[in-house]
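Visitor: Below is the file coords30.cif, which contains mmCIF, C-alpha atoms.
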```cif
data_query
loop_
_atom_site.label_atom_id
_atom_site.label_comp_id
_atom_site.auth_asym_id
_atom_site.auth_seq_id
_atom_site.Cartn_x
_atom_site.Cartn_y
_atom_site.Cartn_z
CA MET T 26 140.28 82.20 158.69
CA ALA T 27 137.83 82.39 155.75
CA LYS T 28 138.21 86.17 155.60
CA ASN T 29 142.00 85.88 155.51
CA GLN T 30 141.81 83.32 152.72
CA ARG T 31 139.53 85.60 150.65
CA VAL T 32 141.93 88.50 151.13
CA ARG T 33 144.88 86.35 150.04
CA LYS T 34 143.00 85.16 146.94
CA GLN T 35 142.09 88.75 146.03
CA LYS T 36 145.70 89.87 146.40
CA ALA T 37 146.92 86.90 144.36
CA GLY T 38 144.44 87.74 141.61
CA LYS T 39 145.57 91.38 141.51
CA THR T 40 149.20 90.26 141.39
CA ARG T 41 148.52 88.00 138.39
CA ASP T 42 146.70 90.84 136.62
CA ARG T 43 149.68 93.15 137.14
CA GLU T 44 152.04 90.46 135.81
CA LYS T 45 149.97 90.03 132.68
CA ARG T 46 149.98 93.78 132.05
CA SER T 47 153.68 94.29 132.70
CA GLY T 48 154.97 91.15 130.99
CA ASN T 49 158.46 91.62 132.48
CA ILE T 50 158.29 89.45 135.62
CA ILE T 51 160.78 86.58 135.89
CA ARG T 52 159.88 83.49 137.87
CA PHE T 53 162.70 82.56 140.24
CA PHE T 54 163.95 79.12 141.27
CA ASP T 55 166.80 78.70 143.75
CA PHE T 56 169.19 76.42 141.87
CA ASN T 57 171.90 77.45 144.34
CA LEU T 58 169.92 75.90 147.19
CA LEU T 59 169.44 72.71 145.19
CA THR T 60 173.14 72.55 144.28
CA VAL T 61 174.30 72.98 147.88
CA LEU T 62 171.81 70.33 148.98
CA ILE T 63 173.15 67.82 146.42
CA PHE T 64 176.75 68.50 147.48
CA LEU T 65 175.84 68.04 151.15
CA ILE T 66 174.04 64.76 150.46
CA CYS T 67 176.91 63.41 148.34
CA PHE T 68 179.42 64.31 151.04
CA GLY T 69 177.20 62.61 153.62
CA LEU T 70 176.93 59.43 151.55
CA VAL T 71 180.72 59.24 151.11
CA MET T 72 181.29 59.69 154.84
CA LEU T 73 178.53 57.21 155.69
CA TYR T 74 180.18 54.51 153.58
CA SER T 75 183.59 55.28 155.01
CA THR T 76 182.19 55.17 158.55
CA THR T 77 180.08 52.03 158.28
CA ALA T 78 181.90 49.76 155.79
CA TYR T 79 183.61 47.74 158.54
CA SER T 80 180.64 47.41 160.91
CA ALA T 81 178.25 46.65 158.03
CA LEU T 82 180.57 43.87 156.81
CA VAL T 83 180.75 42.36 160.29
CA GLU T 84 177.05 42.68 161.15
CA HIS T 85 175.38 42.25 157.74
CA GLU T 86 178.10 40.67 155.57
CA ASP T 87 177.77 43.59 153.16
CA SER T 88 180.08 46.59 153.49
CA MET T 89 177.59 48.76 151.56
CA TYR T 90 174.54 47.81 153.65
CA TYR T 91 174.01 51.23 155.27
CA PHE T 92 175.13 53.09 152.14
CA LYS T 93 172.61 51.30 149.90
CA ARG T 94 169.76 51.80 152.36
CA GLN T 95 170.52 55.50 152.71
CA LEU T 96 170.79 55.82 148.93
CA ILE T 97 167.30 54.31 148.59
CA PHE T 98 165.94 56.74 151.17
CA TYR T 99 167.47 59.69 149.37
CA GLY T 100 166.13 58.42 146.05
CA ALA T 101 162.64 58.36 147.53
CA GLY T 102 163.38 61.72 149.16
CA PHE T 103 164.27 63.35 145.82
CA VAL T 104 161.01 62.06 144.34
CA GLY T 105 159.11 63.47 147.32
CA MET T 106 160.99 66.76 147.08
CA TYR T 107 160.16 67.08 143.38
CA VAL T 108 156.46 66.43 144.00
CA VAL T 109 156.25 68.81 146.96
CA GLU T 110 158.18 71.52 145.11
CA LYS T 111 155.44 71.59 142.44
CA ILE T 112 152.67 72.20 145.00
CA ASP T 113 151.52 75.74 145.72
CA TYR T 114 152.56 76.14 149.36
CA HIS T 115 149.36 78.08 150.15
CA VAL T 116 147.56 74.72 150.07
CA TYR T 117 149.22 73.92 153.40
CA ILE T 118 147.26 76.72 155.08
CA LYS T 119 144.09 74.65 154.74
CA TRP T 120 145.67 71.37 155.86
CA ALA T 121 148.21 72.55 158.43
CA LYS T 122 145.99 72.05 161.47
CA LEU T 123 144.98 68.58 160.30
CA ILE T 124 148.66 67.68 159.77
CA TYR T 125 149.38 68.95 163.30
CA PHE T 126 146.80 66.64 164.89
CA PHE T 127 147.81 63.80 162.57
CA SER T 128 151.36 64.06 163.95
CA ILE T 129 149.98 63.76 167.49
CA PHE T 130 147.95 60.71 166.46
CA MET T 131 150.98 59.06 164.86
CA MET T 132 153.05 59.63 167.98
CA ALA T 133 150.28 58.12 170.09
CA LEU T 134 150.52 54.93 168.00
CA VAL T 135 154.00 54.40 169.46
CA GLN T 136 152.29 53.47 172.75
CA THR T 137 150.16 50.81 171.04
CA PRO T 138 151.24 47.33 169.90
CA LEU T 139 152.33 49.00 166.65
CA GLY T 140 155.13 50.67 168.56
CA LYS T 141 158.64 49.27 168.25
CA GLU T 142 161.43 49.42 170.80
CA VAL T 143 165.02 49.73 169.58
CA LYS T 144 167.96 49.61 172.01
CA GLY T 145 165.73 50.43 174.98
CA ALA T 146 163.94 53.37 173.32
CA ARG T 147 160.33 53.07 172.15
CA ARG T 148 160.11 55.72 169.43
CA TRP T 149 159.19 53.90 166.24
CA ILE T 150 156.13 52.44 164.51
CA ARG T 151 156.31 49.09 162.74
CA LEU T 152 155.83 49.19 158.97
CA PRO T 153 155.50 46.37 156.42
CA PHE T 154 158.59 44.65 154.98
CA GLY T 155 160.55 45.11 158.20
CA GLN T 156 160.66 48.91 157.97
CA GLN T 157 159.96 51.42 160.72
CA LEU T 158 158.85 55.05 161.02
CA GLN T 159 159.80 57.60 163.65
CA PRO T 160 156.64 59.76 164.00
CA ALA T 161 158.44 62.48 165.96
CA GLU T 162 159.88 63.58 162.59
CA ILE T 163 156.33 64.29 161.41
CA ALA T 164 155.89 66.61 164.40
CA LYS T 165 158.73 68.81 163.14
CA ILE T 166 157.23 69.43 159.72
CA ALA T 167 153.74 69.77 161.27
CA ILE T 168 155.02 72.61 163.48
CA ILE T 169 156.82 74.22 160.53
CA LEU T 170 153.55 74.33 158.54
CA PHE T 171 151.09 75.09 161.36
CA ILE T 172 152.76 77.73 163.55
CA PRO T 173 153.00 80.22 160.60
CA VAL T 174 149.22 79.83 160.10
CA LEU T 175 148.66 80.77 163.75
CA ILE T 176 151.00 83.77 163.51
CA CYS T 177 149.38 85.04 160.29
CA ASN T 178 145.89 84.71 161.76
CA LEU T 179 146.92 86.53 164.94
CA GLY T 180 148.16 89.50 162.95
CA LYS T 181 149.28 92.34 165.22
CA GLU T 182 148.25 90.33 168.28
CA ILE T 183 151.47 88.30 167.94
CA LYS T 184 153.31 91.40 169.19
CA THR T 185 151.51 91.10 172.53
CA TRP T 186 152.20 88.68 175.36
CA ARG T 187 148.75 87.14 174.91
CA GLY T 188 149.45 86.37 171.26
CA ILE T 189 152.84 84.86 172.11
CA GLN T 190 151.19 82.65 174.74
CA LYS T 191 148.72 81.29 172.19
CA VAL T 192 151.52 80.26 169.81
CA LEU T 193 153.67 78.86 172.62
CA LEU T 194 150.69 76.80 173.81
CA TRP T 195 150.37 74.99 170.46
CA GLY T 196 154.12 74.53 170.08
CA GLY T 197 154.49 73.45 173.70
CA PHE T 198 151.68 70.91 173.42
CA SER T 199 153.38 69.27 170.44
CA ALA T 200 156.73 69.25 172.27
CA VAL T 201 155.16 67.66 175.36
CA CYS T 202 153.53 64.99 173.18
CA VAL T 203 156.91 64.24 171.60
CA LEU T 204 158.46 63.85 175.04
CA VAL T 205 155.64 61.88 176.68
CA LEU T 206 154.53 59.69 173.79
CA THR T 207 157.91 58.94 172.19
CA ASP T 208 160.28 59.69 175.09
CA ASN T 209 162.38 61.85 172.74
CA LEU T 210 163.71 64.90 174.59
CA SER T 211 165.99 66.08 171.77
CA THR T 212 163.16 66.29 169.24
CA ALA T 213 160.93 68.00 171.83
CA ILE T 214 163.63 70.65 172.27
CA ILE T 215 163.86 71.16 168.50
CA VAL T 216 160.05 71.44 168.12
CA MET T 217 159.92 74.06 170.88
CA GLY T 218 162.99 75.79 169.46
CA ILE T 219 161.38 76.13 166.01
CA THR T 220 158.31 77.70 167.62
CA CYS T 221 160.37 80.19 169.63
CA ILE T 222 162.51 81.20 166.64
CA MET T 223 159.41 81.95 164.55
CA ILE T 224 158.03 84.14 167.35
CA PHE T 225 161.41 85.89 167.64
CA VAL T 226 161.48 86.61 163.90
CA VAL T 227 158.03 88.27 163.78
CA HIS T 228 158.26 90.14 167.09
CA PRO T 229 159.44 93.77 166.69
CA LYS T 230 161.47 93.84 169.93
CA THR T 231 164.71 91.90 170.37
CA LYS T 232 165.82 92.99 173.83
CA PRO T 233 163.28 90.92 175.86
CA PHE T 234 164.31 87.75 174.02
CA VAL T 235 168.02 88.40 174.60
CA ILE T 236 167.43 89.00 178.32
CA LEU T 237 165.28 85.87 178.57
CA ALA T 238 167.92 83.78 176.77
CA VAL T 239 170.75 85.03 179.01
CA VAL T 240 168.72 84.43 182.20
CA GLY T 241 167.68 80.97 180.98
CA LEU T 242 171.27 80.03 180.12
CA ALA T 243 172.47 81.18 183.53
CA CYS T 244 169.76 79.12 185.26
CA VAL T 245 170.67 76.03 183.21
CA ILE T 246 174.38 76.36 184.04
CA ALA T 247 173.64 76.85 187.74
CA GLY T 248 171.17 73.94 187.72
CA VAL T 249 173.68 71.62 186.05
CA LYS T 250 176.35 72.46 188.61
CA VAL T 251 173.94 71.75 191.47
CA LEU T 252 172.70 68.52 189.90
CA GLY T 253 176.24 67.37 189.27
CA THR T 254 176.94 67.30 193.00
CA MET T 255 173.59 65.84 194.07
CA LEU T 256 172.84 63.06 191.60
CA GLU T 257 175.86 60.76 191.64
CA THR T 258 173.62 57.85 192.63
CA SER T 259 170.72 58.70 190.28
CA LYS T 260 169.41 55.91 188.04
CA ASN T 261 167.60 58.26 185.62
CA PHE T 262 169.38 57.95 182.26
CA ARG T 263 168.93 61.65 181.38
CA LEU T 264 170.39 62.77 184.69
CA ARG T 265 173.19 60.26 184.22
CA ARG T 266 173.97 61.90 180.89
CA ILE T 267 174.54 65.18 182.71
CA LEU T 268 176.96 63.46 185.06
CA VAL T 269 178.77 61.86 182.13
CA TRP T 270 179.00 65.24 180.41
CA LEU T 271 180.52 66.86 183.50
CA ASN T 272 183.02 64.04 184.03
CA PRO T 273 183.28 61.68 181.02
CA GLU T 274 186.56 60.15 182.26
CA GLY T 275 184.92 59.14 185.52
CA HIS T 276 182.20 57.23 183.65
CA ALA T 277 184.37 55.78 180.88
CA GLU T 278 183.12 52.23 181.43
CA ASP T 279 179.41 53.02 181.04
CA GLY T 280 177.78 56.20 179.75
CA GLY T 281 180.99 58.05 178.94
CA TYR T 282 182.45 55.45 176.59
CA GLN T 283 180.98 56.82 173.35
CA VAL T 284 181.70 60.42 174.35
CA LEU T 285 185.35 59.69 175.11
CA GLN T 286 185.87 57.68 171.92
CA GLY T 287 184.33 60.54 169.95
CA LEU T 288 186.67 63.06 171.59
CA TYR T 289 189.65 60.80 170.83
CA ALA T 290 188.56 60.73 167.18
CA VAL T 291 188.17 64.51 167.08
CA GLY T 292 191.56 65.10 168.67
CA SER T 293 193.53 62.58 166.58
CA GLY T 294 192.59 63.94 163.17
CA GLY T 295 194.86 66.99 163.06
CA PHE T 296 194.29 69.48 160.25
CA PHE T 297 194.03 67.13 157.25
CA GLY T 298 193.08 63.94 159.09
CA LYS T 299 194.29 60.36 158.75
CA GLY T 300 192.76 59.95 155.32
CA LEU T 301 189.38 58.76 154.09
CA GLY T 302 188.61 55.30 155.43
CA ASN T 303 191.52 55.26 157.90
CA SER T 304 189.59 55.92 161.11
CA ALA T 305 190.40 53.66 164.05
CA GLN T 306 187.64 54.82 166.41
CA LYS T 307 184.85 53.76 164.05
CA MET T 308 185.88 50.14 164.71
CA ILE T 309 184.94 50.36 168.39
CA MET T 310 182.44 53.21 168.71
CA PRO T 311 178.81 51.97 168.94
CA GLU T 312 176.22 53.36 166.49
CA VAL T 313 178.79 55.81 165.13
CA GLN T 314 176.79 56.34 161.91
CA ASN T 315 174.06 58.17 163.81
CA ASP T 316 174.77 61.10 166.11
CA MET T 317 178.59 60.72 166.26
CA ILE T 318 179.44 60.61 162.55
CA LEU T 319 181.02 64.07 162.71
CA SER T 320 183.74 62.69 164.98
CA ILE T 321 184.77 60.33 162.16
CA VAL T 322 184.80 63.27 159.74
CA CYS T 323 187.21 64.96 162.17
CA GLU T 324 189.41 61.87 162.41
CA GLU T 325 189.57 61.04 158.70
CA LEU T 326 189.47 64.53 157.15
CA GLY T 327 190.64 66.63 160.09
CA VAL T 328 189.82 70.28 160.62
CA PHE T 329 189.73 70.72 156.85
CA GLY T 330 186.84 68.25 156.61
CA VAL T 331 184.92 69.98 159.39
CA ILE T 332 185.40 73.31 157.60
CA ILE T 333 183.86 71.73 154.47
CA VAL T 334 180.86 70.59 156.52
CA LEU T 335 180.43 74.00 158.16
CA VAL T 336 180.74 75.83 154.82
CA LEU T 337 178.12 73.56 153.20
CA PHE T 338 175.71 74.07 156.10
CA GLY T 339 176.43 77.81 156.05
CA LEU T 340 175.61 78.01 152.34
CA LEU T 341 172.45 75.94 152.81
CA LEU T 342 171.24 78.16 155.65
CA TYR T 343 172.16 81.29 153.68
CA ARG T 344 170.03 80.18 150.74
CA LEU T 345 167.14 79.32 153.07
CA MET T 346 167.44 82.77 154.62
CA PHE T 347 167.45 84.33 151.15
CA VAL T 348 164.25 82.51 150.22
CA ALA T 349 162.61 83.48 153.53
CA GLN T 350 163.49 87.15 153.05
CA ASN T 351 162.17 87.24 149.47
CA ALA T 352 159.09 85.01 149.85
CA PRO T 353 155.91 86.45 148.31
CA ASP T 354 154.04 86.61 151.63
CA MET T 355 154.35 86.22 155.38
CA TYR T 356 153.23 82.59 155.42
CA GLY T 357 155.86 81.48 152.90
CA SER T 358 158.53 83.47 154.73
CA LEU T 359 157.69 81.89 158.09
CA VAL T 360 157.54 78.35 156.68
CA VAL T 361 161.07 78.68 155.26
CA THR T 362 162.16 80.32 158.53
CA GLY T 363 160.91 77.20 160.32
CA ILE T 364 162.92 74.98 157.95
CA PHE T 365 165.96 77.19 158.55
CA ALA T 366 165.46 76.87 162.32
CA HIS T 367 165.12 73.09 162.13
CA VAL T 368 168.31 72.53 160.14
CA ALA T 369 170.29 75.10 162.14
CA LEU T 370 169.20 73.80 165.54
CA GLN T 371 169.84 70.18 164.66
CA ALA T 372 173.28 70.90 163.17
CA VAL T 373 174.39 73.13 166.06
CA LEU T 374 173.18 70.69 168.72
CA ASN T 375 174.85 67.72 167.02
CA ILE T 376 178.17 69.56 166.75
CA ALA T 377 177.87 70.58 170.40
CA VAL T 378 177.29 66.95 171.44
CA VAL T 379 180.26 65.64 169.43
CA THR T 380 182.57 68.23 171.01
CA ASN T 381 181.04 67.55 174.48
CA LEU T 382 179.76 71.10 174.88
CA ILE T 383 176.37 69.70 175.90
CA PRO T 384 175.22 66.26 177.16
CA THR T 385 174.51 63.58 174.58
CA THR T 386 171.01 63.88 173.12
CA GLY T 387 170.82 61.48 170.17
CA ILE T 388 170.39 64.32 167.66
CA THR T 389 171.63 63.37 164.19
CA LEU T 390 173.53 65.62 161.78
CA PRO T 391 171.18 66.59 158.91
CA PHE T 392 171.96 65.02 155.51
CA ILE T 393 175.10 63.30 156.85
CA SER T 394 174.00 60.93 159.64
CA TYR T 395 172.26 57.66 158.82
CA GLY T 396 168.48 57.61 159.21
CA GLY T 397 165.61 56.89 156.82
CA THR T 398 162.73 58.82 158.38
CA SER T 399 164.88 61.85 159.13
CA SER T 400 166.30 61.93 155.59
CA LEU T 401 162.88 61.62 153.94
CA PHE T 402 161.29 64.41 155.92
CA LEU T 403 164.30 66.69 155.54
CA MET T 404 164.02 66.24 151.77
CA VAL T 405 160.30 67.05 151.94
CA GLU T 406 161.17 70.24 153.85
CA MET T 407 163.67 71.17 151.15
CA GLY T 408 160.92 70.60 148.60
CA VAL T 409 158.69 73.04 150.48
CA ALA T 410 161.50 75.63 150.54
CA LEU T 411 162.14 75.19 146.80
CA GLY T 412 158.40 75.51 146.21
CA VAL T 413 158.41 78.86 147.99
CA SER T 414 161.48 79.96 146.01
CA ARG T 415 159.70 79.09 142.74
CA ARG T 416 157.06 81.71 143.52
CA ILE T 417 159.52 84.52 144.12
CA LYS T 418 159.16 87.12 141.35
CA ILE T 419 161.99 89.26 140.04
CA SER T 420 161.38 92.33 137.90
CA GLU T 421 163.65 92.89 134.93
#
```
Could you rewrite the structure in this file as structure tokens?
Guide:
Amino acid sequence: MAKNQRVRKQKAGKTRDREKRSGNIIRFFDFNLLTVLIFLICFGLVMLYSTTAYSALVEHEDSMYYFKRQLIFYGAGFVGMYVVEKIDYHVYIKWAKLIYFFSIFMMALVQTPLGKEVKGARRWIRLPFGQQLQPAEIAKIAIILFIPVLICNLGKEIKTWRGIQKVLLWGGFSAVCVLVLTDNLSTAIIVMGITCIMIFVVHPKTKPFVILAVVGLACVIAGVKVLGTMLETSKNFRLRRILVWLNPEGHAEDGGYQVLQGLYAVGSGGFFGKGLGNSAQKMIMPEVQNDMILSIVCEELGVFGVIIVLVLFGLLLYRLMFVAQNAPDMYGSLVVTGIFAHVALQAVLNIAVVTNLIPTTGITLPFISYGGTSSLFLMVEMGVALGVSRRIKISE
């Protein structure tokens, strides 16, 4: 580790010397990424208000309750993003392992009296002034910062099965902690997915990963079909979700209610939708501002609104990919790749849940769904990506 740090410092020093001699190097900053991010957040805030105005008025006697809270979170998030963007991302190399273990510690606190249970799920930590923190979100950014350190230190060994096992062990341990300590399967899947995508990006061979993915998908499909016929009487809520997914109409009175209402919303919107604020399903769908907000986008803005969402996410991911490809070094490239993987996985999984392509998981839609902890840490990740982009150099 110390040797690698000395080599990086020497290379950085030589790079600065060359810049001073040439005098024609332009510092880059990805304003396009920042612009797309602002558009996505503004769109999310508009849809959040439209989705929650009625329920907020009924429950809190303030139609802007959720909107104002989310606006505060994003205000704090922009401050955090600005601060993080100014930090040299190489600093994270030194602290990444500590952040990793800190995330495990924070998740362990959920099992103490500090833990807070909401709607049957114990995933939060109590904070002063009635606030709460979901520590599983810390695990995501911890993996994004730490796994690239492991890959860089392994060097060519990452191309071997032994090197892959070492990285998978650290990523898998974090994912297991997320599942065991916070009972959050969806976040555990995302943490493991980020790890696997980073390994895929640095590994020179693609064929083994494609074969593994196809075999894994086939096994999952076969397993779901078998479980669907064997577990009709199961009391496990995750297995029940599979049954609801296979036959939502047959479970309309319990687990399939939200899924069916979401599908009704998606199907009733048409191409241009019913108009902003004119959704009917948001009046009866529980917790619609979280993982099912896209269904209201479909109902109020129709296919056109969904296209806007997909285009904005596509542009955001494109800019993240651009920064990753042009980062000054491997560590910066892998960190932004991890951020890319996080946003892409979460968006794809949420869309799949809303359209009933996969069982419900509780995954929110980045920058659009309501959620304080998620919004804050997503903004911090964007700050890291912008910080990497700031250190891209372009020759005139």
Visitor: Of the candidates T:Leu59, T:Tyr90, T:Pro384, T:Ile166, which one gets nearest to Leu401 (chain T) if we count only C-alpha atoms?
Guide: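 Using only C-alpha atoms, the shortest distance to Leu401 (chain T) belongs to T:Ile166.
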Visitor: Quick one: distance from CA of Leu341 (chain T) to CA of Val61 (chain T) in Å, one decimal?
Guide: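 A separation of 6.0 Å between them.
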Visitor: For the provided coordinates, the residues matched by the PyMOL selection byres ((chain T and resi 104-106) around 8) should be stated as a list in words.
Guide: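 On the file shown, the PyMOL selection byres ((chain T and resi 104-106) around 8) covers Gly100, Ala101, Gly102, Phe103, Tyr107, Val108, Val109, Glu110, Leu401, Met404, Val405, Glu406, Met407, Gly408 and Val409 of chain T.
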Visitor: Might you pull out every residue within 10 Å of Asp208 (chain T), with all atoms listed in the file counted and same-chain residues fewer than 6 positions away left off, and present them as a CSV table (one decimal) with C-alpha atoms, in the coordinates of the input?
Guide:
```
chain,number,residue,atom,x,y,z
T,135,VAL,CA,154.0,54.4,169.5
T,146,ALA,CA,163.9,53.4,173.3
T,147,ARG,CA,160.3,53.1,172.2
T,148,ARG,CA,160.1,55.7,169.4
T,161,ALA,CA,158.4,62.5,166.0
T,201,VAL,CA,155.2,67.7,175.4
T,202,CYS,CA,153.5,65.0,173.2
```
Visitor: When the PyMOL selection byres ((chain T and resi 209) around 12) is applied to the file above, which residues end up in the set, as a ChimeraX atom specification?
Guide: /T:132,135,146-149,159-162,164,199-208,210-216,263,386-388
Visitor: So that I can check the surroundings of region 361-370 of chain T, please list as number ranges by chain every protein, DNA and RNA residue that reaches within 9 Å of it, counting all atoms listed in the file and ignoring chain neighbours fewer than 5 positions away.
Guide: T: 165-166, 168-170, 172-173, 215-216, 218-220, 222-223, 226, 338, 341-343, 345-346, 348-350, 352, 356, 375, 390-391, 403, 406-407, 409-410, 413
Visitor: Just the number, please: distance in Å from CA of Ser80 (chain T) to CA of Pro273 (chain T), one decimal.
Guide: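 Here the two named atoms are 24.8 Å from each other.
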Visitor: Run the PyMOL selection byres ((chain T and resi 308) around 10) on the file and write out the hits as an MDAnalysis selection string.
Guide: chainID T and resid 76:80 304:307 309:311 313
Visitor: Which is closest to Gln95 (chain T) among T:Ile393, T:Leu337, T:Val331, T:Leu139, if we use all atoms listed in the file?
Guide: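 Among the listed residues, the smallest separation from Gln95 (chain T) belongs to T:Ile393.
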Visitor: Residues of region 57-142 of chain T that approach region 151-157 of chain T to 10 Å or less, counting all atoms listed in the file: could you list each one with the shortest pair of atoms and its distance in Å to one decimal, rows by chain and increasing residue number, as a Markdown table?
Guide:
```
| residue | atom | partner | partner_atom | distance |
| --- | --- | --- | --- | --- |
| T:Leu134 | CA | T:Arg151 | CA | 9.8 |
| T:Val135 | CA | T:Arg151 | CA | 8.9 |
| T:Pro138 | CA | T:Arg151 | CA | 8.9 |
| T:Leu139 | CA | T:Arg151 | CA | 5.6 |
| T:Gly140 | CA | T:Arg151 | CA | 6.1 |
| T:Lys141 | CA | T:Arg151 | CA | 6.0 |
| T:Glu142 | CA | T:Arg151 | CA | 9.6 |
```
Visitor: Go ahead and compute the interatomic distance for CA of Leu411 (chain T) and CA of Phe54 (chain T), in Å to one decimal.
Guide: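 Distance between the two atoms: 7.0 Å.
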Visitor: Compare T:Glu312, T:Ile318, T:Pro233, T:Val328 by their minimum atom-to-atom distance to Gly295 (chain T), counting all atoms listed in the file, and give me the closest one.
Guide: T:Val328
Visitor: Tell me which protein, DNA and RNA residues are within 12 Å of Val378 (chain T), counting all atoms listed in the file, leaving out same-chain ones fewer than 2 positions away, and put them as a PyMOL selection string.
Guide: chain T and resi 211+266-267+269-270+283-285+287-288+291+316-320+371-376+380-390
Visitor: Could you save the residues just selected, with C-alpha atoms, as a compact mmCIF listing (two decimals), in the frame of the given file?
Guide:
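Once everything was written out, this is selection18.txt:
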```txt
# COMPACT_ATOMS: atom_id res chain seq x y z
CA SER T 211 165.99 66.08 171.77
CA ARG T 266 173.97 61.90 180.89
CA ILE T 267 174.54 65.18 182.71
CA VAL T 269 178.77 61.86 182.13
CA TRP T 270 179.00 65.24 180.41
CA GLN T 283 180.98 56.82 173.35
CA VAL T 284 181.70 60.42 174.35
CA LEU T 285 185.35 59.69 175.11
CA GLY T 287 184.33 60.54 169.95
CA LEU T 288 186.67 63.06 171.59
CA VAL T 291 188.17 64.51 167.08
CA ASP T 316 174.77 61.10 166.11
CA MET T 317 178.59 60.72 166.26
CA ILE T 318 179.44 60.61 162.55
CA LEU T 319 181.02 64.07 162.71
CA SER T 320 183.74 62.69 164.98
CA GLN T 371 169.84 70.18 164.66
CA ALA T 372 173.28 70.90 163.17
CA VAL T 373 174.39 73.13 166.06
CA LEU T 374 173.18 70.69 168.72
CA ASN T 375 174.85 67.72 167.02
CA ILE T 376 178.17 69.56 166.75
CA THR T 380 182.57 68.23 171.01
CA ASN T 381 181.04 67.55 174.48
CA LEU T 382 179.76 71.10 174.88
CA ILE T 383 176.37 69.70 175.90
CA PRO T 384 175.22 66.26 177.16
CA THR T 385 174.51 63.58 174.58
CA THR T 386 171.01 63.88 173.12
CA GLY T 387 170.82 61.48 170.17
CA ILE T 388 170.39 64.32 167.66
CA THR T 389 171.63 63.37 164.19
CA LEU T 390 173.53 65.62 161.78
```
Visitor: With all atoms listed in the file as the basis for distance, which of T:Ser400, T:Leu158, T:Trp186, T:Leu340 is at the shortest distance from Phe64 (chain T)?
Guide: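 Among the listed residues, the smallest separation from Phe64 (chain T) belongs to T:Leu340.
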Visitor: Nearest to Thr185 (chain T) among T:Gly357, T:Gly302, T:Pro229, T:Gly339, with distances taken over all atoms listed in the file: which residue is it?
Guide: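 Counting all atoms listed in the file, the residue closest to Thr185 (chain T) is T:Pro229.
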Visitor: Looking at T:Lys191, T:Tyr125, T:Phe347, T:Val360, which one is nearest to Asn57 (chain T), with distances taken over all atoms listed in the file?
Guide: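 Distance minimum relative to Asn57 (chain T) lands on T:Phe347.
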Visitor: Considering only C-alpha atoms, return as JSON, numbers by chain whatever protein or nucleic-acid residues lie within 8 Å of Gly327 (chain T), sequence-local ones (same chain, fewer than 3 positions apart) excluded.
Guide: {"T": [291, 294, 295, 296, 297, 298, 299, 322, 323, 324, 330, 331]}
Visitor: Could you write region 127-135 of chain T as a PDB file, in the coordinates of the input, with N, CA, C and O atoms rebuilt where they are missing?
Guide:
```
ATOM      1  N   PHE T 127     147.387  65.101 163.105  1.00  0.00           N
ATOM      2  CA  PHE T 127     147.810  63.800 162.570  1.00  0.00           C
ATOM      3  C   PHE T 127     149.153  63.397 163.175  1.00  0.00           C
ATOM      4  O   PHE T 127     149.377  62.219 163.498  1.00  0.00           O
ATOM      5  N   SER T 128     150.051  64.368 163.341  1.00  0.00           N
ATOM      6  CA  SER T 128     151.360  64.060 163.950  1.00  0.00           C
ATOM      7  C   SER T 128     151.193  63.599 165.390  1.00  0.00           C
ATOM      8  O   SER T 128     151.903  62.692 165.837  1.00  0.00           O
ATOM      9  N   ILE T 129     150.246  64.201 166.117  1.00  0.00           N
ATOM     10  CA  ILE T 129     149.980  63.760 167.490  1.00  0.00           C
ATOM     11  C   ILE T 129     149.443  62.334 167.500  1.00  0.00           C
ATOM     12  O   ILE T 129     149.849  61.497 168.316  1.00  0.00           O
ATOM     13  N   PHE T 130     148.528  62.055 166.568  1.00  0.00           N
ATOM     14  CA  PHE T 130     147.950  60.710 166.460  1.00  0.00           C
ATOM     15  C   PHE T 130     149.017  59.671 166.157  1.00  0.00           C
ATOM     16  O   PHE T 130     149.044  58.591 166.760  1.00  0.00           O
ATOM     17  N   MET T 131     149.921  60.000 165.234  1.00  0.00           N
ATOM     18  CA  MET T 131     150.980  59.060 164.860  1.00  0.00           C
ATOM     19  C   MET T 131     151.915  58.794 166.034  1.00  0.00           C
ATOM     20  O   MET T 131     152.363  57.661 166.241  1.00  0.00           O
ATOM     21  N   MET T 132     152.194  59.829 166.806  1.00  0.00           N
ATOM     22  CA  MET T 132     153.050  59.630 167.980  1.00  0.00           C
ATOM     23  C   MET T 132     152.349  58.777 169.027  1.00  0.00           C
ATOM     24  O   MET T 132     152.993  57.987 169.730  1.00  0.00           O
ATOM     25  N   ALA T 133     151.033  58.935 169.132  1.00  0.00           N
ATOM     26  CA  ALA T 133     150.280  58.120 170.090  1.00  0.00           C
ATOM     27  C   ALA T 133     150.325  56.642 169.728  1.00  0.00           C
ATOM     28  O   ALA T 133     150.257  55.775 170.606  1.00  0.00           O
ATOM     29  N   LEU T 134     150.450  56.331 168.434  1.00  0.00           N
ATOM     30  CA  LEU T 134     150.520  54.930 168.000  1.00  0.00           C
ATOM     31  C   LEU T 134     151.768  54.225 168.531  1.00  0.00           C
ATOM     32  O   LEU T 134     151.801  52.990 168.586  1.00  0.00           O
ATOM     33  N   VAL T 135     152.783  55.007 168.910  1.00  0.00           N
ATOM     34  CA  VAL T 135     154.000  54.400 169.460  1.00  0.00           C
ATOM     35  C   VAL T 135     153.682  53.639 170.749  1.00  0.00           C
ATOM     36  O   VAL T 135     154.335  52.641 171.069  1.00  0.00           O
TER      37      VAL T 135
END
```
